[in-house]
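**Student:** Take this structure, written in structure tokens, and hold onto it; I'll ask about it next.
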Number of protein chains: 2
Amino acid sequence: MANEAQVLIGGEWRPARKTGGQMAFRAVNPQTGAAVEPEFPISGWADADDALAAAAKIAADPEACPGGRIADFLVDYAASIELHAQTLCALANCETALPIQPRLAAVELPRTVGQLRQAAAAARQGSWRRVVIDTVNNIRSQLSPVGPVCIFGPNNFPLAFNAVSGGDFAAAIAAGNPVIAKAHPLHPATSRALAELAHASVLRVGLPRAMVQMLYAVSETDGMRLVADPRISASAFTGSRKAGLQLKAAADAAGKPIYLEMSSINPVVVLPGALAARRADIVREFIGSVLLGTGQFCTNPGLVLLVKQPDSDAFIGEAAAAMASLPAGTLFSAAVRHNLAAAVQELISGGARLVTGGKTVGGPRIAFENTLLALTGKQFLAAPELFQKEAFGNAAMCVQAQDLAELKEICRNLVGNLTGTIYLDEAADGRACEEITAILRPRVGRLLNNKMPTGVAVSPAMNHGGPFPATGHAHFTAVGLPAAIDRFTRLECYDQVPQNRLPPTLRDAAPGQWQCVDGRWRQAGPATADE
Amino acid sequence: MANEAQVLIGGEWRPARKTGGQMAFRAVNPQTGAAVEPEFPISGWADADDALAAAAKIAADPEACPGGRIADFLVDYAASIELHAQTLCALANCETALPIQPRLAAVELPRTVGQLRQAAAAARQGSWRRVVIDTVNNIRSQLSPVGPVCIFGPNNFPLAFNAVSGGDFAAAIAAGNPVIAKAHPLHPATSRALAELAHASVLRVGLPRAMVQMLYAVSETDGMRLVADPRISASAFTGSRKAGLQLKAAADAAGKPIYLEMSSINPVVVLPGALAARRADIVREFIGSVLLGTGQFCTNPGLVLLVKQPDSDAFIGEAAAAMASLPAGTLFSAAVRHNLAAAVQELISGGARLVTGGKTVGGPRIAFENTLLALTGKQFLAAPELFQKEAFGNAAMCVQAQDLAELKEICRNLVGNLTGTIYLDEAADGRACEEITAILRPRVGRLLNNKMPTGVAVSPAMNHGGPFPATGHAHFTAVGLPAAIDRFTRLECYDQVPQNRLPPTLRDAAPGQWQCVDGRWRQAGPATADE
């Protein structure tokens, strides 16, 4: 117990309050398979209860978190992360095996601080508020902070989607909501280091001490209790479909919004003309995308749809050869590897042909061979649910349809995904692309042309979302500011409330605030002399 | 059977397909208690199944419903409703007992066509799409039609919230979604007449025949099956909390969005200064609001919160006297009266004092005495859940807190409501208003000052929504365009898609379309010569 890490609750680092005995865990270094010091606690309900009470207290004071101070916090925190980049990347590397260069230091950490700074700008400018003013009826509305938010971080972005520093965190805080972060237990030391920086920034800028709280792990039951608690206003979860649906059921029953990102196989359609004209390039782009981060991306291209022809056989052969020639990356955990092996086995049992890979890599390092499966369109259509099983990791499946009609029928059988990609040659594939687009479009959040789906730009126009079961609600996005903030807001309206009683952003004089006044967007001007 | 009304399915009026035998019902004229001809069918699942298939077929064709044609439909339909105003109002009056003048002819019908025309403008201008363009990364996003929408209409607005002509209908159609309307069985003839006009307009403007479909009634089980069906993309329901929660559970389990408006008692706080300065006015406004439409409004002020003093006793006495002196309006149905009587009884059994009313009005007309209950703050705080029981109809309850502190504590115990109102005297009540606002604000969708909550303006700035259990999701509004359309959209994103493959609204040249380009809102210009 002496060495056990502390939780951040109520604005203090303190020992966890547990329900039972020595509930604790250690992270494992996936490169060596060895457990890492120190121990981290599995919190009992008492911790969650304390965190909820502290968060609710903050949410009850509308003056506690002005946008400017939130922005100051986000900027300060981002700078602090940059200052401690080396330590953070080393910790994350140890716990996830993601390479320090380029992934952690050159990509994920800059992305993390970039998100925090974009969130700061949104908080400062109030661009997320979507102010609407009807001057004739004197009715005004805007989005407002929803209240305490609980964030369950995923395993695959120890920095950029960490519950205490990532996209959901930035979005929830930007609106002024206190956050209870439930770190992912695969990278607790990274999460602790981030939470320490966040906490220091909270104190430095003068936000309420308990604005950012963090637990490392809770029981399944307590997780469900947390998202349904009367003091929670919304939750976000990124992870497996099974856990996501469990939390969703608990939150739904209590009438609490929960935003889920659960699973996606991100179909990539390669049309015949594109394949004929640029096969080598497409193979290279596919391999780069499918093996990036050992395939452990939400937008990993797990399903390639082709029309059967000599070119498509060649595509599969060349992709398999490239996969076989490249070293298998390290996976996050034994559980990830176990699930990957099981999914691959399930697909093979269903009739998929193993083209390359398929076996666990021996030794202490946690790895699985780069794996490619293949299938006919007919096989896919005979069991579309089975063949949309996500094999999270460095694996993918190519489906060869006998013709374009069968390819379209396959697309009609796809469930909701985060992304859908079409590789096309404008001259040869124009009409086919149009037809496939019409089918794919309502089934995916983001549609790409001639570009692999990994590499989710943090852009105001991004949609990292999509129809169920990829997410829980197709109206919202988890990446892209200010839109991602939407999830952590409620709509509030003021009817006949005089200027002096309105929130500053809804007044006639609201310097720099975008307002849609009587149907026209404009930036509000400064106060006039008589105001 | 010969006289039984037909359902509108698949673009045709046809006899209902039933599961069992003679499943049918008649409307009842609440003024006389007598059943009205003809019989209307309770559809079996076969009807719902046909409707779903027809709607899904439309949704699969992205070219089927361009915004301009949708707008033409809405405008044509609105004009058609105006042309048939006399018939529609007569039918609605017969089925609901709402007076033709002023309610139906001068208020609700103009509101209905106004909504349809605002929806038409939104459809034509694409103002609901919230286009965001990132020119640096060439990523573009917008809201798009979600797909087939099922709408369950309420009992209390036979025109303006009818499933086939009201706010939800207008919002769902405006985005280009095919609608399956489930009319409220209390006003089937009105619904049929509206659906006939809608269908004629659909055909006139050349929308897909099955764009608007209508059933009169389905079993509870089939309702739950409908909102969870794979071919449905979203549902909307306005009605009782019990039915709403049942549908919500079914939709949630299937990962389908459902937007619910379930119940609200719309607390009105009258602060001491306001009461001292303007008691007679406030009593008059309260009585006007609470008895409007026999109290059968979503925003009916069912709970008045006062600080105990001679003025507050006088308020209660004067309100009771006014209620007693005014005739009891007619209620929609025996079921509404039964529920009202039961709710009043439950409140009295819990300790509320009956100040006036409380009894069923004898005779064939369906009516209940105008009813006022009173309670101390202490009583309320001893059983806050019981005393927030909605008594839908011409009844209200006044709670007298012993002081401002107790009044605030009462507010802290309020669940989610559509509206919250504060009557204040700026000089005397300023500080108290501030404190109460902070407590009330997160618990209500719309906050009013010195104005009763009935009379929901159809304004772009309106929020007819609020925290659970008033609705199912506090981010959305059911009234106000274009915001109400949000519920029937999904976010879609285009990444590296060339101009010629983008939807027209996302192109650089999109005449008149509002676009947020690199963080600045602007109206896009026309195509240039070389485009």
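Ligands are numbered from 1 in the order shown, chains are lettered A, B, ... in the order of the structure tokens, and residues start at 1 in each chain.
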Find the residues of chain B in contact range of chain A, meaning any atom within 6 Å when counting only C-alpha atoms, and list them as an mmCIF file with N, CA and C atoms, in the first residue's frame.
**Tutor:**
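Below you can see selection-v3.cif, which holds the result:
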data_model
loop_
_atom_site.group_PDB
_atom_site.id
_atom_site.type_symbol
_atom_site.label_atom_id
_atom_site.label_comp_id
_atom_site.auth_asym_id
_atom_site.auth_seq_id
_atom_site.Cartn_x
_atom_site.Cartn_y
_atom_site.Cartn_z
ATOM 1 N N VAL B 132 -19.605 23.474 -42.352
ATOM 2 C CA VAL B 132 -18.284 23.891 -41.871
ATOM 3 C C VAL B 132 -17.243 23.453 -42.901
ATOM 4 N N ILE B 133 -16.424 24.400 -43.314
ATOM 5 C CA ILE B 133 -15.411 24.105 -44.333
ATOM 6 C C ILE B 133 -14.031 24.487 -43.810
ATOM 7 N N ASP B 134 -13.119 23.541 -43.931
ATOM 8 C CA ASP B 134 -11.723 23.776 -43.565
ATOM 9 C C ASP B 134 -10.943 23.740 -44.870
ATOM 10 N N ILE B 139 -11.438 19.575 -45.771
ATOM 11 C CA ILE B 139 -12.426 18.745 -45.092
ATOM 12 C C ILE B 139 -13.684 19.585 -44.939
ATOM 13 N N ARG B 140 -14.810 18.980 -45.192
ATOM 14 C CA ARG B 140 -16.079 19.707 -45.164
ATOM 15 C C ARG B 140 -17.123 18.863 -44.457
ATOM 16 N N SER B 141 -17.958 19.509 -43.670
ATOM 17 C CA SER B 141 -19.009 18.735 -43.003
ATOM 18 C C SER B 141 -20.313 19.519 -42.992
ATOM 19 N N GLY B 445 -35.380 24.302 -19.524
ATOM 20 C CA GLY B 445 -34.938 24.614 -20.872
ATOM 21 C C GLY B 445 -35.046 26.098 -21.196
ATOM 22 N N ARG B 446 -36.147 26.707 -20.749
ATOM 23 C CA ARG B 446 -36.372 28.127 -21.041
ATOM 24 C C ARG B 446 -36.626 28.861 -19.749
ATOM 25 N N LEU B 447 -35.897 29.935 -19.553
ATOM 26 C CA LEU B 447 -36.045 30.741 -18.348
ATOM 27 C C LEU B 447 -36.762 32.037 -18.711
ATOM 28 N N LEU B 448 -37.836 32.337 -17.980
ATOM 29 C CA LEU B 448 -38.598 33.550 -18.274
ATOM 30 C C LEU B 448 -38.553 34.505 -17.097
ATOM 31 N N ASN B 449 -38.613 35.770 -17.409
ATOM 32 C CA ASN B 449 -38.751 36.796 -16.381
ATOM 33 C C ASN B 449 -40.072 37.525 -16.595
ATOM 34 N N ALA B 461 -34.839 31.305 -31.840
ATOM 35 C CA ALA B 461 -34.142 31.324 -30.560
ATOM 36 C C ALA B 461 -34.891 30.531 -29.484
ATOM 37 N N ASN B 463 -36.268 27.583 -27.148
ATOM 38 C CA ASN B 463 -35.958 26.232 -26.709
ATOM 39 C C ASN B 463 -37.198 25.637 -26.076
ATOM 40 N N ALA B 474 -31.279 17.122 -23.279
ATOM 41 C CA ALA B 474 -31.338 18.567 -23.062
ATOM 42 C C ALA B 474 -30.616 19.378 -24.127
ATOM 43 N N HIS B 475 -30.015 18.721 -25.108
ATOM 44 C CA HIS B 475 -29.301 19.462 -26.159
ATOM 45 C C HIS B 475 -30.247 19.924 -27.266
ATOM 46 N N ARG B 490 -27.985 13.723 -39.209
ATOM 47 C CA ARG B 490 -26.716 13.185 -38.745
ATOM 48 C C ARG B 490 -25.616 14.047 -39.339
ATOM 49 N N LEU B 491 -24.475 14.022 -38.677
ATOM 50 C CA LEU B 491 -23.346 14.816 -39.140
ATOM 51 C C LEU B 491 -22.621 14.016 -40.205
ATOM 52 N N GLU B 492 -22.374 14.620 -41.359
ATOM 53 C CA GLU B 492 -21.579 13.914 -42.355
ATOM 54 C C GLU B 492 -20.429 14.775 -42.830
ATOM 55 N N CYS B 493 -19.323 14.101 -43.092
ATOM 56 C CA CYS B 493 -18.070 14.782 -43.363
ATOM 57 C C CYS B 493 -17.481 14.249 -44.661
ATOM 58 N N TYR B 494 -16.853 15.146 -45.415
ATOM 59 C CA TYR B 494 -16.213 14.783 -46.687
ATOM 60 C C TYR B 494 -14.743 15.160 -46.588
ATOM 61 N N ASP B 495 -13.898 14.163 -46.809
ATOM 62 C CA ASP B 495 -12.462 14.356 -46.634
ATOM 63 C C ASP B 495 -11.802 14.119 -47.994
ATOM 64 N N GLN B 496 -11.244 15.163 -48.571
ATOM 65 C CA GLN B 496 -10.563 15.083 -49.876
ATOM 66 C C GLN B 496 -11.518 14.699 -50.998
ATOM 67 N N VAL B 497 -12.770 15.048 -50.860
ATOM 68 C CA VAL B 497 -13.714 14.754 -51.935
ATOM 69 C C VAL B 497 -13.737 15.955 -52.889
#
**Student:** Within 6 Å of range 223-227 of chain B, counting only C-alpha atoms, which residues show up once you throw out same-chain ones fewer than 4 positions away? Write them as a list in words, please.
**Tutor:**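 Result of the neighbour search: Leu247, Ala250 and Ala251 of chain B.
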**Student:** Find the residues near Ser325 in chain A: any atom within 12 Å, counting only C-alpha atoms, skip ones fewer than 4 places away on the same chain, and give them as number ranges by chain.
**Tutor:** A: 287, 318-321, 356-357, 369-371
**Student:** Would you list, as a count of residues only, the residues of range 433-509 of chain A that end up in strand (DSSP E or B) under DSSP run on this structure's backbone?
**Tutor:** 14
**Student:** As a list in words, please: the residues near range 405-409 of chain A (cut-off 9 Å, only C-alpha atoms, same-chain neighbours under 6 positions excluded).
**Tutor:** Val269, Leu305, Leu306, Val307, Gly377, Lys378, Leu381, Val399, Glu435, Ile436, Ile439 and Leu440 of chain A
**Student:** Write out the residues from the selection above, keeping N, CA and C atoms, as an mmCIF file, in the first residue's frame.
**Tutor:**
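Writing done, so here's again-v5.cif:
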data_model
loop_
_atom_site.group_PDB
_atom_site.id
_atom_site.type_symbol
_atom_site.label_atom_id
_atom_site.label_comp_id
_atom_site.auth_asym_id
_atom_site.auth_seq_id
_atom_site.Cartn_x
_atom_site.Cartn_y
_atom_site.Cartn_z
ATOM 1 N N VAL A 269 -13.332 0.953 -50.281
ATOM 2 C CA VAL A 269 -13.694 0.402 -51.587
ATOM 3 C C VAL A 269 -12.635 0.844 -52.589
ATOM 4 N N LEU A 305 -12.786 -3.619 -49.961
ATOM 5 C CA LEU A 305 -13.771 -4.188 -50.883
ATOM 6 C C LEU A 305 -13.303 -3.975 -52.325
ATOM 7 N N LEU A 306 -13.188 -5.087 -53.048
ATOM 8 C CA LEU A 306 -12.671 -5.052 -54.413
ATOM 9 C C LEU A 306 -13.634 -5.776 -55.341
ATOM 10 N N VAL A 307 -13.493 -5.492 -56.641
ATOM 11 C CA VAL A 307 -14.187 -6.312 -57.635
ATOM 12 C C VAL A 307 -13.176 -7.320 -58.151
ATOM 13 N N GLY A 377 -17.228 -12.154 -52.222
ATOM 14 C CA GLY A 377 -18.419 -11.368 -51.928
ATOM 15 C C GLY A 377 -19.582 -12.255 -51.514
ATOM 16 N N LYS A 378 -19.685 -13.394 -52.159
ATOM 17 C CA LYS A 378 -20.765 -14.323 -51.848
ATOM 18 C C LYS A 378 -20.677 -14.782 -50.394
ATOM 19 N N LEU A 381 -21.756 -11.977 -48.094
ATOM 20 C CA LEU A 381 -23.206 -11.750 -48.084
ATOM 21 C C LEU A 381 -23.967 -12.870 -47.376
ATOM 22 N N VAL A 399 -12.310 -8.353 -49.400
ATOM 23 C CA VAL A 399 -13.453 -9.061 -49.964
ATOM 24 C C VAL A 399 -13.484 -8.798 -51.464
ATOM 25 N N GLU A 435 -22.629 5.694 -57.423
ATOM 26 C CA GLU A 435 -23.558 4.686 -56.903
ATOM 27 C C GLU A 435 -23.109 4.164 -55.529
ATOM 28 N N ILE A 436 -21.822 3.911 -55.408
ATOM 29 C CA ILE A 436 -21.303 3.404 -54.130
ATOM 30 C C ILE A 436 -21.445 4.484 -53.049
ATOM 31 N N ILE A 439 -24.763 4.595 -51.422
ATOM 32 C CA ILE A 439 -25.008 3.504 -50.468
ATOM 33 C C ILE A 439 -24.185 3.683 -49.195
ATOM 34 N N LEU A 440 -22.930 4.072 -49.383
ATOM 35 C CA LEU A 440 -22.007 4.166 -48.255
ATOM 36 C C LEU A 440 -22.301 5.372 -47.357
#
